[in-house]
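*Asks:* What follows is structure.tsv, made up of TSV, C-alpha atoms:
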```
chain	number	residue	atom	x	y	z
A	1	MET	CA	13.64	-25.38	-50.66
A	2	PRO	CA	10.66	-26.47	-48.56
A	3	TYR	CA	10.97	-29.53	-46.35
A	4	ASP	CA	9.04	-32.70	-47.03
A	5	PRO	CA	5.44	-31.85	-46.08
A	6	ARG	CA	5.27	-35.02	-43.96
A	7	ILE	CA	8.06	-33.67	-41.75
A	8	VAL	CA	6.38	-30.35	-41.08
A	9	GLN	CA	2.83	-31.67	-40.73
A	10	PRO	CA	3.14	-32.25	-36.96
A	11	MET	CA	4.34	-28.64	-36.58
A	12	ARG	CA	1.26	-27.45	-38.46
A	13	GLU	CA	-1.01	-29.64	-36.38
A	14	GLU	CA	0.52	-28.33	-33.16
A	15	MET	CA	-0.57	-24.84	-34.18
A	16	VAL	CA	-4.06	-25.91	-35.15
A	17	ARG	CA	-4.50	-27.77	-31.86
A	18	MET	CA	-3.89	-24.57	-29.91
A	19	GLY	CA	-6.53	-22.79	-31.96
A	20	ALA	CA	-4.45	-21.09	-34.64
A	21	ARG	CA	-5.78	-20.80	-38.16
A	22	GLU	CA	-3.32	-21.59	-40.91
A	23	LEU	CA	-2.92	-19.09	-43.73
A	24	THR	CA	-1.33	-20.89	-46.65
A	25	THR	CA	-2.05	-18.56	-49.57
A	26	VAL	CA	-1.60	-14.88	-50.31
A	27	GLY	CA	-5.36	-14.56	-50.63
A	28	GLU	CA	-5.93	-15.99	-47.16
A	29	VAL	CA	-3.30	-13.66	-45.71
A	30	ASP	CA	-4.82	-10.58	-47.32
A	31	ALA	CA	-8.33	-11.54	-46.31
A	32	THR	CA	-7.25	-11.89	-42.69
A	33	LEU	CA	-4.50	-9.30	-42.12
A	34	GLY	CA	-6.15	-6.85	-44.47
A	35	ASP	CA	-9.16	-6.64	-42.17
A	36	PRO	CA	-7.48	-5.31	-39.05
A	37	LYS	CA	-10.20	-5.24	-36.44
A	38	GLY	CA	-9.53	-6.28	-32.88
A	39	SER	CA	-6.48	-8.19	-31.71
A	40	MET	CA	-4.65	-10.79	-33.73
A	41	LEU	CA	-1.46	-12.74	-33.14
A	42	VAL	CA	0.45	-13.84	-36.23
A	43	PHE	CA	2.82	-16.73	-35.56
A	44	VAL	CA	5.53	-17.27	-38.16
A	45	ASN	CA	6.20	-20.97	-37.84
A	46	SER	CA	9.58	-22.55	-38.47
A	47	VAL	CA	11.17	-25.96	-38.72
A	48	CYS	CA	13.99	-24.93	-36.36
A	49	GLY	CA	13.67	-27.61	-33.75
A	50	CYS	CA	14.99	-25.58	-30.88
A	51	ALA	CA	13.58	-22.08	-31.37
A	52	ALA	CA	10.23	-23.11	-32.81
A	53	GLY	CA	10.23	-26.14	-30.54
A	54	ALA	CA	10.12	-23.66	-27.66
A	55	ALA	CA	7.93	-21.03	-29.33
A	56	ARG	CA	4.99	-23.29	-30.18
A	57	PRO	CA	4.49	-24.73	-26.69
A	58	ALA	CA	5.08	-21.27	-25.24
A	59	LEU	CA	2.27	-19.84	-27.32
A	60	ALA	CA	0.01	-22.78	-26.52
A	61	GLN	CA	0.58	-22.14	-22.84
A	62	ALA	CA	0.05	-18.39	-23.18
A	63	LEU	CA	-3.23	-18.93	-25.02
A	64	THR	CA	-4.69	-20.58	-21.93
A	65	HIS	CA	-4.42	-17.19	-20.22
A	66	PRO	CA	-7.74	-15.35	-19.74
A	67	ASN	CA	-6.51	-12.35	-21.72
A	68	ARG	CA	-5.56	-13.46	-25.20
A	69	PRO	CA	-5.82	-12.22	-28.77
A	70	GLN	CA	-9.18	-12.56	-30.48
A	71	GLN	CA	-7.57	-14.32	-33.42
A	72	VAL	CA	-4.44	-16.44	-33.75
A	73	VAL	CA	-3.20	-17.15	-37.25
A	74	THR	CA	-0.03	-18.76	-38.54
A	75	VAL	CA	2.09	-18.82	-41.67
A	76	PHE	CA	4.90	-21.27	-42.22
A	77	ALA	CA	8.25	-19.73	-43.22
A	78	GLY	CA	10.14	-21.79	-45.77
A	79	GLN	CA	7.06	-23.90	-46.47
A	80	ASP	CA	4.21	-21.66	-47.54
A	81	VAL	CA	6.71	-19.24	-48.97
A	82	GLU	CA	4.41	-16.77	-50.69
A	83	ALA	CA	1.95	-16.62	-47.80
A	84	ALA	CA	4.76	-16.02	-45.30
A	85	ALA	CA	6.29	-13.31	-47.47
A	86	ARG	CA	2.92	-11.62	-47.81
A	87	ALA	CA	2.27	-11.75	-44.07
A	88	ARG	CA	5.65	-10.15	-43.43
A	89	GLN	CA	4.64	-7.22	-45.59
A	90	TYR	CA	2.09	-6.35	-42.91
A	91	PHE	CA	4.90	-5.92	-40.37
A	92	SER	CA	7.72	-4.97	-42.71
A	93	GLU	CA	9.35	-2.57	-40.26
A	94	TYR	CA	10.53	-5.71	-38.46
A	95	ALA	CA	13.25	-7.82	-40.02
A	96	PRO	CA	12.11	-11.31	-40.96
A	97	SER	CA	12.98	-14.10	-38.59
A	98	SER	CA	11.41	-17.39	-37.76
A	99	PRO	CA	9.94	-18.34	-35.51
A	100	SER	CA	8.52	-14.96	-34.65
A	101	MET	CA	5.23	-13.46	-33.53
A	102	ALA	CA	3.47	-10.19	-34.23
A	103	LEU	CA	0.66	-8.98	-32.02
A	104	ILE	CA	-1.54	-6.65	-34.06
A	105	VAL	CA	-4.32	-4.57	-32.53
A	106	ASP	CA	-6.64	-2.73	-34.91
A	107	GLY	CA	-4.02	-2.96	-37.63
A	108	GLU	CA	-1.10	-1.73	-35.55
A	109	VAL	CA	1.78	-3.95	-34.50
A	110	VAL	CA	1.89	-3.41	-30.75
A	111	HIS	CA	4.46	-6.09	-29.92
A	112	PHE	CA	6.90	-8.23	-31.86
A	113	VAL	CA	8.70	-11.34	-30.65
A	114	HIS	CA	11.83	-12.00	-32.66
A	115	ARG	CA	13.64	-15.29	-32.85
A	116	HIS	CA	16.46	-13.83	-30.74
A	117	MET	CA	13.95	-13.29	-27.92
A	118	ILE	CA	13.08	-17.00	-27.94
A	119	GLU	CA	16.48	-18.64	-28.42
A	120	GLY	CA	17.73	-20.45	-25.38
A	121	HIS	CA	14.68	-19.67	-23.27
A	122	PRO	CA	12.44	-22.43	-21.96
A	123	PRO	CA	8.81	-22.26	-23.15
A	124	ALA	CA	7.57	-21.20	-19.71
A	125	ASP	CA	9.70	-18.04	-19.85
A	126	VAL	CA	8.46	-17.13	-23.30
A	127	ALA	CA	4.88	-17.85	-22.24
A	128	ARG	CA	5.25	-15.55	-19.24
A	129	SER	CA	6.42	-12.73	-21.48
A	130	LEU	CA	3.53	-13.32	-23.85
A	131	THR	CA	0.88	-13.31	-21.15
A	132	ALA	CA	2.24	-10.01	-19.83
A	133	VAL	CA	1.85	-8.59	-23.34
A	134	PHE	CA	-1.66	-10.05	-23.61
A	135	ASP	CA	-2.59	-8.43	-20.31
A	136	GLN	CA	-1.36	-5.11	-21.65
A	137	HIS	CA	-2.99	-5.24	-25.07
A	138	CYS	CA	-5.79	-7.83	-25.07
A	139	ALA	CA	-7.47	-7.32	-21.72
A	140	THR	CA	-10.55	-5.63	-23.17
A	141	SER	CA	-10.78	-7.63	-26.34
A	142	SER	CA	-10.56	-11.22	-25.14
A	143	VAL	CA	-13.01	-13.82	-26.35
B	144	MET	CA	24.26	-17.42	-19.77
B	145	SER	CA	21.78	-19.85	-18.39
B	146	GLY	CA	23.92	-22.91	-19.03
B	147	HIS	CA	21.06	-24.23	-21.16
B	148	VAL	CA	22.42	-25.75	-24.39
B	149	PHE	CA	20.14	-24.56	-27.14
B	150	HIS	CA	21.23	-27.09	-29.76
B	151	PRO	CA	22.42	-30.30	-28.09
B	152	GLY	CA	25.72	-31.58	-29.44
B	153	HIS	CA	26.99	-28.09	-30.21
B	154	SER	CA	28.54	-25.30	-28.21
B	155	GLU	CA	26.40	-23.31	-25.82
B	156	LEU	CA	26.04	-20.43	-28.28
B	157	HIS	CA	25.18	-22.51	-31.34
B	158	GLY	CA	21.97	-21.16	-32.89
B	159	ILE	CA	21.96	-18.09	-30.66
B	160	THR	CA	21.97	-14.55	-32.06
B	161	VAL	CA	25.14	-12.82	-30.90
B	162	VAL	CA	26.93	-9.48	-31.17
B	163	VAL	CA	30.52	-9.69	-32.34
B	164	GLU	CA	32.78	-6.66	-31.94
B	165	THR	CA	36.05	-6.63	-33.82
B	166	ALA	CA	39.39	-4.93	-33.47
B	167	ASP	CA	38.70	-2.82	-36.57
B	168	GLN	CA	35.56	-1.21	-35.10
B	169	VAL	CA	33.11	-3.35	-37.05
B	170	THR	CA	30.16	-4.85	-35.21
B	171	TYR	CA	28.24	-7.85	-36.47
B	172	VAL	CA	24.99	-9.37	-35.28
B	173	GLY	CA	24.23	-12.87	-36.47
B	174	ARG	CA	23.45	-16.42	-35.53
B	175	TYR	CA	26.44	-18.22	-34.03
B	176	HIS	CA	27.34	-21.45	-35.79
B	177	GLU	CA	30.81	-22.45	-34.67
B	178	GLU	CA	34.25	-21.18	-33.80
B	179	THR	CA	37.28	-22.82	-35.39
B	180	THR	CA	40.96	-21.97	-35.66
B	181	GLU	CA	40.05	-19.93	-38.77
B	182	GLY	CA	37.45	-17.84	-37.06
B	183	LEU	CA	33.86	-17.50	-36.03
B	184	LEU	CA	31.15	-18.57	-38.47
B	185	LEU	CA	27.88	-16.63	-38.29
B	186	HIS	CA	24.68	-16.97	-40.32
B	187	ASP	CA	22.29	-14.20	-41.41
B	188	VAL	CA	24.53	-11.36	-40.35
B	189	ALA	CA	23.88	-7.62	-39.98
B	190	GLU	CA	26.88	-5.29	-40.03
B	191	HIS	CA	27.72	-1.90	-38.58
B	192	ARG	CA	30.75	0.27	-39.31
B	193	GLU	CA	31.36	3.49	-37.48
B	194	ALA	CA	30.97	6.44	-39.85
B	195	PRO	CA	30.68	10.21	-39.30
B	196	GLY	CA	27.02	11.12	-38.96
B	197	GLY	CA	25.95	7.51	-38.98
B	198	PRO	CA	24.32	5.58	-36.17
B	199	SER	CA	26.54	4.60	-33.27
B	200	ARG	CA	27.25	0.99	-32.47
B	201	SER	CA	24.95	1.29	-29.50
B	202	ASP	CA	22.12	2.64	-31.69
B	203	PHE	CA	22.70	-0.17	-34.18
B	204	VAL	CA	22.47	-2.87	-31.54
B	205	ARG	CA	19.42	-1.34	-29.86
B	206	GLN	CA	17.64	-1.00	-33.20
B	207	THR	CA	18.49	-4.62	-33.97
B	208	VAL	CA	17.08	-5.79	-30.65
B	209	LYS	CA	13.84	-3.98	-31.37
B	210	PHE	CA	13.39	-4.46	-35.10
B	211	GLY	CA	15.37	-7.62	-35.77
B	212	VAL	CA	18.50	-8.57	-37.68
B	213	ARG	CA	18.75	-6.91	-41.09
B	214	SER	CA	20.96	-9.51	-42.69
B	215	VAL	CA	23.50	-8.43	-45.29
B	216	HIS	CA	25.60	-11.62	-45.22
B	217	ARG	CA	24.03	-15.07	-45.49
B	218	HIS	CA	27.20	-16.55	-43.97
B	219	LEU	CA	30.29	-14.80	-42.65
B	220	VAL	CA	33.56	-15.94	-41.12
B	221	ILE	CA	35.14	-13.41	-38.78
B	222	PRO	CA	38.89	-14.08	-38.69
B	223	ALA	CA	39.99	-15.39	-35.32
B	224	GLY	CA	42.52	-12.65	-34.61
B	225	THR	CA	40.06	-9.80	-35.07
B	226	LEU	CA	37.42	-10.82	-32.53
B	227	ARG	CA	37.33	-8.56	-29.48
B	228	ARG	CA	34.01	-9.25	-27.76
B	229	LEU	CA	31.25	-11.82	-28.19
B	230	THR	CA	27.91	-11.29	-26.44
B	231	ARG	CA	24.38	-12.63	-26.74
B	232	LEU	CA	22.29	-9.97	-28.45
B	233	VAL	CA	19.73	-9.92	-25.65
B	234	GLU	CA	22.52	-9.43	-23.09
B	235	TRP	CA	24.60	-6.82	-24.94
B	236	GLN	CA	25.55	-3.63	-23.10
B	237	GLU	CA	27.79	-0.77	-24.14
B	238	PRO	CA	31.18	-1.26	-22.47
B	239	ALA	CA	31.88	1.17	-19.67
B	240	ALA	CA	33.90	4.17	-20.81
B	241	GLY	CA	37.58	4.23	-20.02
```
Please express the file's structure as structure tokens.
*Replies:*
Amino acid sequence: MPYDPRIVQPMREEMVRMGARELTTVGEVDATLGDPKGSMLVFVNSVCGCAAGAARPALAQALTHPNRPQQVVTVFAGQDVEAAARARQYFSEYAPSSPSMALIVDGEVVHFVHRHMIEGHPPADVARSLTAVFDQHCATSSV
Amino acid sequence: MSGHVFHPGHSELHGITVVVETADQVTYVGRYHEETTEGLLLHDVAEHREAPGGPSRSDFVRQTVKFGVRSVHRHLVIPAGTLRRLTRLVEWQEPAAG
């Protein structure tokens, strides 16, 4: 059952502040992930205070790096249920977890960050890992 | 372990994805909740049992690290007496032979 929208609103706003575009419907997901040109990071948001509470600031920090994905989009697991389920179909070889992140380049998932890779790590550590991945995969496609 | 408590007010492993190896050769990967006198409670648990021709425990854990936890139990209590080894998933290594 989804949480009270008022509780999760700050978590949505945190994503928007860092430049992510929210995908809240299946149509929005298909329109975005179905057009796989360039680099795109999909952030699966979560209410988990500790894992997502580290993942969001980590991504915000990583997105200040010169090399970064051309697009950053987000779906909210447990909140925008159908949109999140649809997004996961685009990286279905990976088991669902939240928070998680998929870096997609020209339609191919080139890196996946599972919840277990975030748990217990401070945001700076997660950000460092992300920027290394951005350097590897987004260096020629940054905006 | 870093000593960092992931979920304040709980044990150090609370909320962390762990590998649990049991005395009967079953391996579980799931999110640690708590350990009581009855056993260890995990959430969203994947399971591996050694079988001829099937993937080894090591393959199962490595695949889980890469592709995530394919949960087959929403919640699972592993009886206290059967637990042999408990490791963070990201720190798991095959025990040395012998």
*Asks:* In terms of the shortest atom-to-atom distance over all atoms listed in the file, which of A:Asp125, A:Glu93, A:Glu28, A:Glu14 is closest to Asp80 of chain A?
*Replies:*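 Looking only at the distances to Asp80 of chain A, the closest residue turns out to be A:Glu28.
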*Asks:* Determine, using only C-alpha atoms, which residues of chain B have any atom at most 6 Å from an atom of chain A, and tabulate each with its shortest atom pair and distance in Å to one decimal place, rows ordered by chain and then rising number, as CSV.
*Replies:*
```
residue,atom,partner,partner_atom,distance
B:Phe149,CA,A:Gly120,CA,5.1
B:Ile159,CA,A:Glu119,CA,5.9
B:Thr160,CA,A:His116,CA,5.7
B:Phe210,CA,A:Tyr94,CA,4.6
B:Gly211,CA,A:Ala95,CA,4.8
B:Val212,CA,A:Ala95,CA,5.8
B:Arg213,CA,A:Ala95,CA,5.7
```
*Asks:* Store the residues picked out above, limited to C-alpha atoms, as a short mmCIF file (atom, residue, chain, number, x, y, z; two decimals), in the coordinates of the input.
*Replies:*
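Result file is selection.cif:
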```
data_model
loop_
_atom_site.label_atom_id
_atom_site.label_comp_id
_atom_site.auth_asym_id
_atom_site.auth_seq_id
_atom_site.Cartn_x
_atom_site.Cartn_y
_atom_site.Cartn_z
CA PHE B 149 20.14 -24.56 -27.14
CA ILE B 159 21.96 -18.09 -30.66
CA THR B 160 21.97 -14.55 -32.06
CA PHE B 210 13.39 -4.46 -35.10
CA GLY B 211 15.37 -7.62 -35.77
CA VAL B 212 18.50 -8.57 -37.68
CA ARG B 213 18.75 -6.91 -41.09
#
```
*Asks:* Which residue out of B:Glu178, B:Val172, B:Leu185, B:Gly158 has the minimum interatomic distance to Arg217 of chain B when all atoms listed in the file are used?
*Replies:*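 Closest residue, counting all atoms listed in the file: B:Leu185.
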*Asks:* Please report the interatomic distance between atom CA of Met11 of chain A and atom CA of Ala84 of chain A in Å with one decimal.
*Replies:*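 Atom-to-atom, atom CA of Met11 of chain A and atom CA of Ala84 of chain A are spaced 15.3 Å apart.
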*Asks:* Atom CA of Val161 of chain B and atom CA of Arg227 of chain B, how far apart in Å?
*Replies:*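 The value is 13.0 Å.
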*Asks:* When you look at Leu59 of chain A with a cut-off of 8 Å (counting only C-alpha atoms), what residues show up, excluding the ones that are within fewer than 2 positions of it in the same chain? I need them as an MDAnalysis selection string.
*Replies:* chainID A and resid 55:57 61:63 126:127 130
*Asks:* Would you mind exporting C-alpha atoms of the selected residues as a PDB file, in the coordinates of the input?
*Replies:*
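again.pdb, written as the output of this step:
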```pdb
ATOM      1  CA  ALA A  55       7.930 -21.030 -29.330  1.00  0.00           C
ATOM      2  CA  ARG A  56       4.990 -23.290 -30.180  1.00  0.00           C
ATOM      3  CA  PRO A  57       4.490 -24.730 -26.690  1.00  0.00           C
ATOM      4  CA  GLN A  61       0.580 -22.140 -22.840  1.00  0.00           C
ATOM      5  CA  ALA A  62       0.050 -18.390 -23.180  1.00  0.00           C
ATOM      6  CA  LEU A  63      -3.230 -18.930 -25.020  1.00  0.00           C
ATOM      7  CA  VAL A 126       8.460 -17.130 -23.300  1.00  0.00           C
ATOM      8  CA  ALA A 127       4.880 -17.850 -22.240  1.00  0.00           C
ATOM      9  CA  LEU A 130       3.530 -13.320 -23.850  1.00  0.00           C
TER      10      LEU A 130
END
```
*Asks:* Just give me the gap between atom CA of Pro99 of chain A and atom CA of Gly78 of chain A in Å, one decimal is fine.
*Replies:*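 Atom CA of Pro99 of chain A sits 10.8 Å away from atom CA of Gly78 of chain A.
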*Asks:* With 10 Å as the threshold, what does the neighbourhood of (-3.4, -3.6, -38.2) contain in terms of residues, counting all atoms listed in the file? Coordinates are those of the file; answer as a ChimeraX atom specification.
*Replies:* /A:33-40,90-91,103-110
*Asks:* Find the residues near Val215 of chain B: any atom within 10 Å, counting all atoms listed in the file, skip ones fewer than 3 places away on the same chain, and give them as an MDAnalysis selection string.
*Replies:* chainID B and resid 173 186:190 212 218:219
*Asks:* Taking C-alpha atoms for each residue, export the selection above as a PDB file, in the coordinates of the input.
*Replies:*
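Final output, saved to selection.pdb:
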```pdb
ATOM      1  CA  GLY B 173      24.230 -12.870 -36.470  1.00  0.00           C
ATOM      2  CA  HIS B 186      24.680 -16.970 -40.320  1.00  0.00           C
ATOM      3  CA  ASP B 187      22.290 -14.200 -41.410  1.00  0.00           C
ATOM      4  CA  VAL B 188      24.530 -11.360 -40.350  1.00  0.00           C
ATOM      5  CA  ALA B 189      23.880  -7.620 -39.980  1.00  0.00           C
ATOM      6  CA  GLU B 190      26.880  -5.290 -40.030  1.00  0.00           C
ATOM      7  CA  VAL B 212      18.500  -8.570 -37.680  1.00  0.00           C
ATOM      8  CA  HIS B 218      27.200 -16.550 -43.970  1.00  0.00           C
ATOM      9  CA  LEU B 219      30.290 -14.800 -42.650  1.00  0.00           C
TER      10      LEU B 219
END
```
*Asks:* Determine the nearest neighbour of Ala194 of chain B from the options B:Val169, B:Val233, B:Thr225, B:Val162, counting only C-alpha atoms.
*Replies:*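 Looking at the shortest contact to Ala194 of chain B, the residue is B:Val169.
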*Asks:* Calculated over all atoms listed in the file, which of the candidates B:Asp202, B:Thr207, B:Arg192, B:Arg231 has the smallest distance to His157 of chain B?
*Replies:*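 Selected residue with least distance to His157 of chain B: B:Arg231.
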*Asks:* Check the smallest atom-to-atom distance from each of B:His176, B:Glu164, B:His216, B:Glu181 to Leu229 of chain B using only C-alpha atoms, then report the winner.
*Replies:*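 Ranking B:His176, B:Glu164, B:His216, B:Glu181 by distance to Leu229 of chain B, first place goes to B:Glu164.
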*Asks:* Supply segment 210-225 of chain B as a PDB file, in the coordinates of the input, with N, CA, C and O atoms built in where the input has gaps.
*Replies:*
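The resulting file, result-v1.pdb, is shown below:
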```
ATOM      1  N   PHE B 210      13.974  -4.221 -33.780  1.00  0.00           N
ATOM      2  CA  PHE B 210      13.390  -4.460 -35.100  1.00  0.00           C
ATOM      3  C   PHE B 210      13.930  -5.700 -35.805  1.00  0.00           C
ATOM      4  O   PHE B 210      13.486  -6.013 -36.911  1.00  0.00           O
ATOM      5  N   GLY B 211      14.877  -6.387 -35.194  1.00  0.00           N
ATOM      6  CA  GLY B 211      15.370  -7.620 -35.770  1.00  0.00           C
ATOM      7  C   GLY B 211      16.661  -7.438 -36.552  1.00  0.00           C
ATOM      8  O   GLY B 211      17.152  -6.319 -36.734  1.00  0.00           O
ATOM      9  N   VAL B 212      17.188  -8.547 -37.021  1.00  0.00           N
ATOM     10  CA  VAL B 212      18.500  -8.570 -37.680  1.00  0.00           C
ATOM     11  C   VAL B 212      18.312  -8.347 -39.173  1.00  0.00           C
ATOM     12  O   VAL B 212      17.729  -9.180 -39.872  1.00  0.00           O
ATOM     13  N   ARG B 213      18.796  -7.195 -39.647  1.00  0.00           N
ATOM     14  CA  ARG B 213      18.750  -6.910 -41.090  1.00  0.00           C
ATOM     15  C   ARG B 213      19.988  -7.526 -41.722  1.00  0.00           C
ATOM     16  O   ARG B 213      21.063  -6.909 -41.790  1.00  0.00           O
ATOM     17  N   SER B 214      19.825  -8.729 -42.207  1.00  0.00           N
ATOM     18  CA  SER B 214      20.960  -9.510 -42.690  1.00  0.00           C
ATOM     19  C   SER B 214      21.509  -8.964 -43.999  1.00  0.00           C
ATOM     20  O   SER B 214      20.762  -8.688 -44.935  1.00  0.00           O
ATOM     21  N   VAL B 215      22.832  -8.790 -44.036  1.00  0.00           N
ATOM     22  CA  VAL B 215      23.500  -8.430 -45.290  1.00  0.00           C
ATOM     23  C   VAL B 215      24.487  -9.509 -45.727  1.00  0.00           C
ATOM     24  O   VAL B 215      25.038  -9.434 -46.827  1.00  0.00           O
ATOM     25  N   HIS B 216      24.753 -10.479 -44.872  1.00  0.00           N
ATOM     26  CA  HIS B 216      25.600 -11.620 -45.220  1.00  0.00           C
ATOM     27  C   HIS B 216      24.837 -12.893 -44.841  1.00  0.00           C
ATOM     28  O   HIS B 216      24.431 -13.044 -43.684  1.00  0.00           O
ATOM     29  N   ARG B 217      24.671 -13.777 -45.811  1.00  0.00           N
ATOM     30  CA  ARG B 217      24.030 -15.070 -45.490  1.00  0.00           C
ATOM     31  C   ARG B 217      24.923 -15.869 -44.532  1.00  0.00           C
ATOM     32  O   ARG B 217      24.456 -16.457 -43.582  1.00  0.00           O
ATOM     33  N   HIS B 218      26.199 -15.885 -44.829  1.00  0.00           N
ATOM     34  CA  HIS B 218      27.200 -16.550 -43.970  1.00  0.00           C
ATOM     35  C   HIS B 218      28.418 -15.632 -43.902  1.00  0.00           C
ATOM     36  O   HIS B 218      28.740 -14.970 -44.886  1.00  0.00           O
ATOM     37  N   LEU B 219      29.098 -15.645 -42.786  1.00  0.00           N
ATOM     38  CA  LEU B 219      30.290 -14.800 -42.650  1.00  0.00           C
ATOM     39  C   LEU B 219      31.246 -15.444 -41.663  1.00  0.00           C
ATOM     40  O   LEU B 219      30.825 -15.886 -40.578  1.00  0.00           O
ATOM     41  N   VAL B 220      32.530 -15.480 -42.053  1.00  0.00           N
ATOM     42  CA  VAL B 220      33.560 -15.940 -41.120  1.00  0.00           C
ATOM     43  C   VAL B 220      34.346 -14.717 -40.654  1.00  0.00           C
ATOM     44  O   VAL B 220      34.898 -13.976 -41.471  1.00  0.00           O
ATOM     45  N   ILE B 221      34.376 -14.507 -39.351  1.00  0.00           N
ATOM     46  CA  ILE B 221      35.140 -13.410 -38.780  1.00  0.00           C
ATOM     47  C   ILE B 221      36.492 -13.976 -38.348  1.00  0.00           C
ATOM     48  O   ILE B 221      36.538 -14.853 -37.477  1.00  0.00           O
ATOM     49  N   PRO B 222      37.562 -13.498 -38.969  1.00  0.00           N
ATOM     50  CA  PRO B 222      38.890 -14.080 -38.690  1.00  0.00           C
ATOM     51  C   PRO B 222      39.201 -14.087 -37.191  1.00  0.00           C
ATOM     52  O   PRO B 222      38.903 -13.106 -36.475  1.00  0.00           O
ATOM     53  N   ALA B 223      39.797 -15.168 -36.751  1.00  0.00           N
ATOM     54  CA  ALA B 223      39.990 -15.390 -35.320  1.00  0.00           C
ATOM     55  C   ALA B 223      40.714 -14.232 -34.632  1.00  0.00           C
ATOM     56  O   ALA B 223      40.333 -13.822 -33.536  1.00  0.00           O
ATOM     57  N   GLY B 224      41.717 -13.677 -35.268  1.00  0.00           N
ATOM     58  CA  GLY B 224      42.520 -12.650 -34.610  1.00  0.00           C
ATOM     59  C   GLY B 224      41.819 -11.320 -34.432  1.00  0.00           C
ATOM     60  O   GLY B 224      42.301 -10.458 -33.690  1.00  0.00           O
ATOM     61  N   THR B 225      40.704 -11.115 -35.108  1.00  0.00           N
ATOM     62  CA  THR B 225      40.060  -9.800 -35.070  1.00  0.00           C
ATOM     63  C   THR B 225      38.956  -9.699 -34.034  1.00  0.00           C
ATOM     64  O   THR B 225      38.458  -8.615 -33.765  1.00  0.00           O
TER      65      THR B 225
END
```
